[in-house]
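J.: Hey, dropping data04.cif in here, mmCIF, C-alpha atoms:
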```cif
data_structure
loop_
_atom_site.group_PDB
_atom_site.id
_atom_site.type_symbol
_atom_site.label_atom_id
_atom_site.label_comp_id
_atom_site.auth_asym_id
_atom_site.auth_seq_id
_atom_site.Cartn_x
_atom_site.Cartn_y
_atom_site.Cartn_z
ATOM 1 C CA MET A 1 113.891 133.733 111.366
ATOM 2 C CA GLN A 2 116.970 134.971 109.513
ATOM 3 C CA ASN A 3 115.593 138.520 109.431
ATOM 4 C CA SER A 4 115.026 138.385 113.180
ATOM 5 C CA VAL A 5 118.608 137.256 113.788
ATOM 6 C CA LEU A 6 119.995 140.013 111.552
ATOM 7 C CA LYS A 7 117.807 142.600 113.282
ATOM 8 C CA ASN A 8 118.975 141.470 116.732
ATOM 9 C CA PHE A 9 122.583 141.546 115.561
ATOM 10 C CA PHE A 10 122.181 145.076 114.156
ATOM 11 C CA VAL A 11 120.477 146.574 117.214
ATOM 12 C CA THR A 12 122.978 144.896 119.539
ATOM 13 C CA ALA A 13 125.959 146.066 117.481
ATOM 14 C CA THR A 14 124.716 149.649 117.230
ATOM 15 C CA SER A 15 123.972 149.702 120.958
ATOM 16 C CA LEU A 16 127.485 148.505 121.769
ATOM 17 C CA LEU A 17 128.861 151.138 119.381
ATOM 18 C CA CYS A 18 126.862 153.806 121.221
ATOM 19 C CA ILE A 19 128.199 152.703 124.609
ATOM 20 C CA ALA A 20 131.764 152.698 123.282
ATOM 21 C CA GLY A 21 131.255 156.072 121.566
ATOM 22 C CA CYS A 22 129.961 157.772 124.712
ATOM 23 C CA ALA A 23 132.809 156.442 126.855
ATOM 24 C CA THR A 24 135.422 157.279 124.217
ATOM 25 C CA ASP A 25 134.133 160.830 123.786
ATOM 26 C CA ILE A 26 134.405 161.548 127.509
ATOM 27 C CA ALA A 27 137.979 160.241 127.515
ATOM 28 C CA LEU A 28 138.985 162.070 124.328
ATOM 29 C CA LEU A 29 137.603 165.406 125.523
ATOM 30 C CA TYR A 30 139.977 165.181 128.470
ATOM 31 C CA ILE A 31 142.903 164.079 126.286
ATOM 32 C CA PHE A 32 142.261 166.813 123.698
ATOM 33 C CA GLY A 33 142.150 169.453 126.428
ATOM 34 C CA LYS A 34 145.536 168.332 127.756
ATOM 35 C CA GLN A 35 147.069 169.130 124.351
ATOM 36 C CA ILE A 36 146.141 172.822 124.566
ATOM 37 C CA PRO A 37 148.238 174.965 126.925
ATOM 38 C CA GLY A 38 146.071 176.727 129.498
ATOM 39 C CA TYR A 39 142.876 174.898 128.537
ATOM 40 C CA ASN A 40 140.517 174.448 131.497
ATOM 41 C CA HIS A 41 137.726 171.870 131.295
ATOM 42 C CA LEU A 42 135.684 173.727 133.912
ATOM 43 C CA THR A 43 135.751 177.139 132.265
ATOM 44 C CA ASP A 44 136.409 176.559 128.539
ATOM 45 C CA SER A 45 133.793 175.304 126.103
ATOM 46 C CA ILE A 46 134.100 172.030 124.220
ATOM 47 C CA SER A 47 133.732 173.908 120.922
ATOM 48 C CA SER A 48 136.989 175.771 121.543
ATOM 49 C CA LEU A 49 138.879 172.473 121.234
ATOM 50 C CA GLY A 50 138.163 172.378 117.499
ATOM 51 C CA ILE A 51 138.625 176.004 116.490
ATOM 52 C CA THR A 52 141.034 176.888 113.682
ATOM 53 C CA GLY A 53 144.567 177.058 115.061
ATOM 54 C CA SER A 54 143.948 174.551 117.834
ATOM 55 C CA PRO A 55 146.662 171.858 117.858
ATOM 56 C CA VAL A 56 143.919 169.212 117.878
ATOM 57 C CA SER A 57 141.519 170.958 115.486
ATOM 58 C CA GLU A 58 141.590 168.362 112.704
ATOM 59 C CA VAL A 59 141.394 165.317 114.944
ATOM 60 C CA VAL A 60 138.526 166.911 116.890
ATOM 61 C CA THR A 61 136.663 167.432 113.615
ATOM 62 C CA ALA A 62 137.280 163.836 112.515
ATOM 63 C CA TRP A 63 136.139 162.446 115.848
ATOM 64 C CA SER A 64 133.060 164.671 116.010
ATOM 65 C CA VAL A 65 131.918 163.490 112.574
ATOM 66 C CA SER A 66 132.654 159.871 113.498
ATOM 67 C CA LEU A 67 130.717 160.140 116.759
ATOM 68 C CA GLY A 68 127.816 161.659 114.851
ATOM 69 C CA GLY A 69 127.858 158.640 112.566
ATOM 70 C CA ILE A 70 127.802 156.298 115.560
ATOM 71 C CA PHE A 71 124.773 158.072 117.032
ATOM 72 C CA ILE A 72 122.975 157.975 113.660
ATOM 73 C CA LEU A 73 123.411 154.194 113.600
ATOM 74 C CA PHE A 74 122.212 154.032 117.208
ATOM 75 C CA GLY A 75 119.122 156.025 116.280
ATOM 76 C CA ILE A 76 118.331 153.575 113.488
ATOM 77 C CA GLY A 77 118.928 150.626 115.802
ATOM 78 C CA LEU A 78 116.664 152.158 118.440
ATOM 79 C CA GLN A 79 113.819 152.433 115.938
ATOM 80 C CA LYS A 80 114.216 148.785 114.998
ATOM 81 C CA ALA A 81 114.399 147.701 118.634
ATOM 82 C CA PHE A 82 111.219 149.549 119.638
ATOM 83 C CA GLY A 83 109.442 149.297 116.283
ATOM 84 C CA GLY A 84 106.395 147.804 117.987
ATOM 85 C CA HIS A 85 105.624 151.250 119.426
ATOM 86 C CA GLY A 86 104.880 152.650 115.980
ATOM 87 C CA LYS A 87 105.379 156.377 115.409
ATOM 88 C CA ILE A 88 106.803 156.901 118.906
ATOM 89 C CA SER A 89 109.905 154.848 118.103
ATOM 90 C CA GLY A 90 110.247 156.770 114.842
ATOM 91 C CA TRP A 91 110.155 160.103 116.666
ATOM 92 C CA ALA A 92 112.748 158.907 119.164
ATOM 93 C CA SER A 93 114.970 157.712 116.334
ATOM 94 C CA TRP A 94 114.750 161.014 114.447
ATOM 95 C CA LEU A 95 115.549 163.017 117.586
ATOM 96 C CA ILE A 96 118.752 161.006 118.032
ATOM 97 C CA ILE A 97 119.641 161.454 114.359
ATOM 98 C CA ILE A 98 119.016 165.212 114.489
ATOM 99 C CA TYR A 99 121.211 165.424 117.583
ATOM 100 C CA ALA A 100 123.920 163.394 115.828
ATOM 101 C CA LEU A 101 123.839 165.665 112.779
ATOM 102 C CA GLY A 102 123.648 168.958 114.687
ATOM 103 C CA GLU A 103 125.976 168.385 117.618
ATOM 104 C CA GLY A 104 128.169 165.823 115.906
ATOM 105 C CA VAL A 105 128.635 166.017 112.156
ATOM 106 C CA ILE A 106 127.769 169.671 111.487
ATOM 107 C CA SER A 107 129.342 171.098 114.648
ATOM 108 C CA GLY A 108 132.498 169.209 113.783
ATOM 109 C CA ILE A 109 132.679 170.477 110.215
ATOM 110 C CA PHE A 110 131.776 174.106 111.000
ATOM 111 C CA LYS A 111 134.228 175.450 113.546
ATOM 112 C CA ALA A 112 133.325 177.951 116.263
ATOM 113 C CA ASP A 113 135.823 180.543 115.001
ATOM 114 C CA THR A 114 135.751 184.255 115.766
ATOM 115 C CA ILE A 115 137.434 187.207 114.067
ATOM 116 C CA ASN A 116 138.075 190.309 116.179
ATOM 117 C CA GLY A 117 135.591 189.009 118.721
ATOM 118 C CA GLU A 118 132.844 188.527 116.128
ATOM 119 C CA LEU A 119 131.363 185.149 115.193
ATOM 120 C CA THR A 120 132.242 183.924 111.707
ATOM 121 C CA ARG A 121 129.631 182.384 109.400
ATOM 122 C CA SER A 122 131.058 179.002 110.320
ATOM 123 C CA ALA A 123 130.581 179.757 114.024
ATOM 124 C CA LEU A 124 126.992 180.888 113.469
ATOM 125 C CA LEU A 125 126.181 177.621 111.696
ATOM 126 C CA HIS A 126 128.000 175.743 114.454
ATOM 127 C CA ASP A 127 125.929 177.434 117.164
ATOM 128 C CA ILE A 128 122.545 177.393 115.411
ATOM 129 C CA LEU A 129 122.612 173.829 114.129
ATOM 130 C CA GLY A 130 124.311 172.587 117.282
ATOM 131 C CA GLY A 131 121.508 174.257 119.231
ATOM 132 C CA VAL A 132 118.934 172.415 117.121
ATOM 133 C CA GLY A 133 120.693 169.179 118.037
ATOM 134 C CA GLU A 134 120.593 170.061 121.726
ATOM 135 C CA VAL A 135 116.856 170.770 121.594
ATOM 136 C CA ALA A 136 116.321 167.410 119.893
ATOM 137 C CA VAL A 137 118.199 165.459 122.550
ATOM 138 C CA MET A 138 116.364 167.321 125.316
ATOM 139 C CA LEU A 139 113.062 166.166 123.819
ATOM 140 C CA PHE A 140 114.329 162.610 123.475
ATOM 141 C CA PRO A 141 113.693 161.418 127.076
ATOM 142 C CA LEU A 142 110.198 162.924 126.965
ATOM 143 C CA VAL A 143 109.422 160.786 123.916
ATOM 144 C CA MET A 144 111.015 157.724 125.512
ATOM 145 C CA MET A 145 108.599 158.140 128.432
ATOM 146 C CA ARG A 146 105.919 157.036 125.949
ATOM 147 C CA ILE A 147 107.874 153.785 125.517
ATOM 148 C CA PHE A 148 109.021 153.357 129.115
ATOM 149 C CA LYS A 149 105.530 153.662 130.531
ATOM 150 C CA ARG A 150 104.950 154.338 134.216
ATOM 151 C CA GLU A 151 102.855 151.188 134.614
ATOM 152 C CA SER A 152 105.234 148.687 132.995
ATOM 153 C CA MET A 153 108.689 150.269 133.514
ATOM 154 C CA PRO A 154 108.375 152.730 136.421
ATOM 155 C CA ALA A 155 112.126 153.019 137.077
ATOM 156 C CA LEU A 156 112.952 153.921 133.468
ATOM 157 C CA PHE A 157 109.961 156.252 133.329
ATOM 158 C CA ARG A 158 111.179 158.175 136.402
ATOM 159 C CA TYR A 159 114.760 158.144 135.142
ATOM 160 C CA SER A 160 113.696 159.584 131.785
ATOM 161 C CA LYS A 161 111.868 162.378 133.583
ATOM 162 C CA ALA A 162 114.974 163.112 135.696
ATOM 163 C CA VAL A 163 117.201 163.197 132.592
ATOM 164 C CA ALA A 164 114.863 165.677 130.876
ATOM 165 C CA ALA A 165 114.848 167.939 133.958
ATOM 166 C CA THR A 166 118.635 167.756 134.357
ATOM 167 C CA GLY A 167 119.121 168.495 130.663
ATOM 168 C CA LEU A 168 116.974 171.625 130.921
ATOM 169 C CA LEU A 169 118.764 172.773 134.080
ATOM 170 C CA THR A 170 122.282 172.346 132.682
ATOM 171 C CA THR A 171 121.243 174.024 129.431
ATOM 172 C CA LEU A 172 119.954 177.057 131.303
ATOM 173 C CA MET A 173 123.126 177.249 133.379
ATOM 174 C CA PHE A 174 125.297 177.047 130.256
ATOM 175 C CA ALA A 175 123.159 179.733 128.600
ATOM 176 C CA PHE A 176 124.102 182.184 131.359
ATOM 177 C CA ARG A 177 127.331 182.942 129.481
ATOM 178 C CA VAL A 178 125.793 186.220 128.345
ATOM 179 C CA GLU A 179 127.357 189.544 129.202
ATOM 180 C CA TYR A 180 124.982 190.244 132.116
ATOM 181 C CA PHE A 181 126.355 187.267 134.036
ATOM 182 C CA ARG A 182 130.012 187.897 133.243
ATOM 183 C CA ASN A 183 132.407 187.062 136.091
ATOM 184 C CA THR A 184 129.701 185.263 138.053
ATOM 185 C CA PHE A 185 129.912 181.621 139.166
ATOM 186 C CA LEU A 186 127.442 180.575 136.458
ATOM 187 C CA ASN A 187 129.373 182.305 133.693
ATOM 188 C CA THR A 188 132.838 181.325 134.861
ATOM 189 C CA TYR A 189 132.097 177.601 134.928
ATOM 190 C CA SER A 190 130.262 177.371 131.614
ATOM 191 C CA GLY A 191 132.514 174.466 130.590
ATOM 192 C CA LEU A 192 131.348 172.507 133.617
ATOM 193 C CA TRP A 193 127.667 172.915 132.753
ATOM 194 C CA GLN A 194 128.304 171.864 129.154
ATOM 195 C CA ARG A 195 130.075 168.698 130.271
ATOM 196 C CA ALA A 196 127.360 167.971 132.839
ATOM 197 C CA PHE A 197 124.824 168.213 130.008
ATOM 198 C CA LEU A 198 126.807 165.735 127.921
ATOM 199 C CA LEU A 199 127.355 163.295 130.779
ATOM 200 C CA ASN A 200 123.664 163.374 131.663
ATOM 201 C CA PHE A 201 122.624 162.260 128.181
ATOM 202 C CA TYR A 202 125.566 159.930 127.594
ATOM 203 C CA VAL A 203 124.657 157.944 130.693
ATOM 204 C CA TYR A 204 121.038 157.909 129.480
ATOM 205 C CA PHE A 205 122.098 156.661 126.027
ATOM 206 C CA THR A 206 124.171 153.957 127.727
ATOM 207 C CA VAL A 207 121.261 152.810 129.879
ATOM 208 C CA ILE A 208 118.964 152.647 126.847
ATOM 209 C CA ALA A 209 121.630 150.786 124.874
ATOM 210 C CA PHE A 210 121.792 148.143 127.616
ATOM 211 C CA VAL A 211 117.986 147.924 127.639
ATOM 212 C CA ILE A 212 118.024 147.356 123.875
ATOM 213 C CA ILE A 213 120.669 144.637 124.205
ATOM 214 C CA ILE A 214 118.549 142.852 126.819
ATOM 215 C CA LYS A 215 115.399 143.400 124.766
ATOM 216 C CA SER A 216 116.965 141.896 121.667
ATOM 217 C CA ASN A 217 117.588 138.699 123.631
ATOM 218 C CA ASN A 218 114.694 138.431 126.075
ATOM 219 C CA PHE A 219 112.308 141.317 126.649
ATOM 220 C CA SER A 220 110.647 139.487 129.551
ATOM 221 C CA GLN A 221 113.744 140.127 131.665
ATOM 222 C CA ILE A 222 113.046 143.868 131.595
ATOM 223 C CA LYS A 223 109.438 143.420 132.598
ATOM 224 C CA ALA A 224 110.360 141.012 135.359
ATOM 225 C CA TYR A 225 112.571 143.590 137.032
ATOM 226 C CA LYS A 226 110.187 146.459 136.266
ATOM 227 C CA LEU A 227 113.017 148.651 135.068
#
```
Using structure tokens, write down the structure that the file contains.
T.:
Amino acid sequence: MQNSVLKNFFVTATSLLCIAGCATDIALLYIFGKQIPGYNHLTDSISSLGITGSPVSEVVTAWSVSLGGIFILFGIGLQKAFGGHGKISGWASWLIIIYALGEGVISGIFKADTINGELTRSALLHDILGGVGEVAVMLFPLVMMRIFKRESMPALFRYSKAVAATGLLTTLMFAFRVEYFRNTFLNTYSGLWQRAFLLNFYVYFTVIAFVIIIKSNNFSQIKAYKL
């Protein structure tokens, strides 16, 4: 009984942390951008907020690492909440943790700096490992569709499919920053696509966090509403 109470407390606490982390990150990205003269949220990448020489470089790094830690805890809580699904919950948990490490902790520590227009070693690590994190989070809703089954939770099943499709679309649009698309609408608004990608998955994390909170109290409520 005591173990059950502790488990419910942990998964609820980590879910609330995730919700707070997602909301705080959206707000801080806007606040950080306001501290840099000429910064444009629609055209400038999020990574440029933390480059060496940025007036908010150190605080961006600290927050990125902290947010990564929050998502790691959320990943662990998710595995505990859906442990009855066996390996599937483990896969989902690891995808969240990989995302947290790649796009949070590592991307925060290794800055996206350039020298004479060339990527530094730090920037290469930032891009490569951040990219691994993005792939992980794009796979996440596909794995969750094995938990939110069409028969028992049709709304969450369809939503997971929509999140996966939106994640792929925004990733492709952000990838069109290459030279061939320079000065086109897709290239110019690369910052917009990156933020759309984040918002898409942050809302999804928030929905899942609420599901976990309900599940930790009374799973029958979810089934009753066929979420």
J.: To verify the selection step, state as a ChimeraX atom specification which residues the PyMOL selection byres ((chain A and resi 91) around 12) yields on this input.
T.: /A:75-76,78-79,82-83,85-90,92-98,136-137,139-144,146-147
J.: Nearest residue to Ala123 of chain A out of A:Ser48, A:Asn40, A:Ser4, A:Thr166, using all atoms listed in the file?
T.: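 Between A:Ser48, A:Asn40, A:Ser4, A:Thr166, the residue approaching Ala123 of chain A most closely is A:Ser48.
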J.: Could you name the residues that touch Leu73 of chain A at 9 Å or less, counting all atoms listed in the file, but leaving out those on the same chain fewer than 4 positions away, as a CSV table (one decimal) with C-alpha atoms, in the frame of the given file?
T.:
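Final output, saved to out_23.csv:
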```csv
chain,number,residue,atom,x,y,z
A,11,VAL,CA,120.5,146.6,117.2
A,14,THR,CA,124.7,149.6,117.2
A,15,SER,CA,124.0,149.7,121.0
A,17,LEU,CA,128.9,151.1,119.4
A,18,CYS,CA,126.9,153.8,121.2
A,68,GLY,CA,127.8,161.7,114.9
A,69,GLY,CA,127.9,158.6,112.6
A,77,GLY,CA,118.9,150.6,115.8
A,78,LEU,CA,116.7,152.2,118.4
A,97,ILE,CA,119.6,161.5,114.4
```
J.: Show me, as JSON, numbers by chain, the residues that have an atom within 9 Å of segment 199-210 of chain A when counting all atoms listed in the file, minus same-chain residues fewer than 3 positions from it.
T.: {"A": [11, 12, 14, 15, 16, 18, 19, 20, 22, 23, 26, 74, 78, 137, 138, 141, 159, 160, 163, 164, 166, 167, 194, 195, 196, 213, 214, 215]}
J.: For C-alpha atoms, I'd like the residues from the last selection saved as a PDB file, keeping the file's coordinate frame.
T.:
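Final file, result.pdb:
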```pdb
ATOM      1  CA  VAL A  11     120.477 146.574 117.214  1.00  0.00           C
ATOM      2  CA  THR A  12     122.978 144.896 119.539  1.00  0.00           C
ATOM      3  CA  THR A  14     124.716 149.649 117.230  1.00  0.00           C
ATOM      4  CA  SER A  15     123.972 149.702 120.958  1.00  0.00           C
ATOM      5  CA  LEU A  16     127.485 148.505 121.769  1.00  0.00           C
ATOM      6  CA  CYS A  18     126.862 153.806 121.221  1.00  0.00           C
ATOM      7  CA  ILE A  19     128.199 152.703 124.609  1.00  0.00           C
ATOM      8  CA  ALA A  20     131.764 152.698 123.282  1.00  0.00           C
ATOM      9  CA  CYS A  22     129.961 157.772 124.712  1.00  0.00           C
ATOM     10  CA  ALA A  23     132.809 156.442 126.855  1.00  0.00           C
ATOM     11  CA  ILE A  26     134.405 161.548 127.509  1.00  0.00           C
ATOM     12  CA  PHE A  74     122.212 154.032 117.208  1.00  0.00           C
ATOM     13  CA  LEU A  78     116.664 152.158 118.440  1.00  0.00           C
ATOM     14  CA  VAL A 137     118.199 165.459 122.550  1.00  0.00           C
ATOM     15  CA  MET A 138     116.364 167.321 125.316  1.00  0.00           C
ATOM     16  CA  PRO A 141     113.693 161.418 127.076  1.00  0.00           C
ATOM     17  CA  TYR A 159     114.760 158.144 135.142  1.00  0.00           C
ATOM     18  CA  SER A 160     113.696 159.584 131.785  1.00  0.00           C
ATOM     19  CA  VAL A 163     117.201 163.197 132.592  1.00  0.00           C
ATOM     20  CA  ALA A 164     114.863 165.677 130.876  1.00  0.00           C
ATOM     21  CA  THR A 166     118.635 167.756 134.357  1.00  0.00           C
ATOM     22  CA  GLY A 167     119.121 168.495 130.663  1.00  0.00           C
ATOM     23  CA  GLN A 194     128.304 171.864 129.154  1.00  0.00           C
ATOM     24  CA  ARG A 195     130.075 168.698 130.271  1.00  0.00           C
ATOM     25  CA  ALA A 196     127.360 167.971 132.839  1.00  0.00           C
ATOM     26  CA  ILE A 213     120.669 144.637 124.205  1.00  0.00           C
ATOM     27  CA  ILE A 214     118.549 142.852 126.819  1.00  0.00           C
ATOM     28  CA  LYS A 215     115.399 143.400 124.766  1.00  0.00           C
TER      29      LYS A 215
END
```
J.: Apply the PyMOL selection byres ((chain A and resi 127-130) around 8) to the displayed file and report the matching residues as a PyMOL selection string.
T.: chain A and resi 99+102-104+106-107+112+123-126+131-134
J.: Quick one: residues within 6 Å of segment 51-61 of chain A, all atoms listed in the file counted, chain neighbours fewer than 4 positions away excluded, as JSON, numbers by chain?
T.: {"A": [108, 111, 112, 113]}
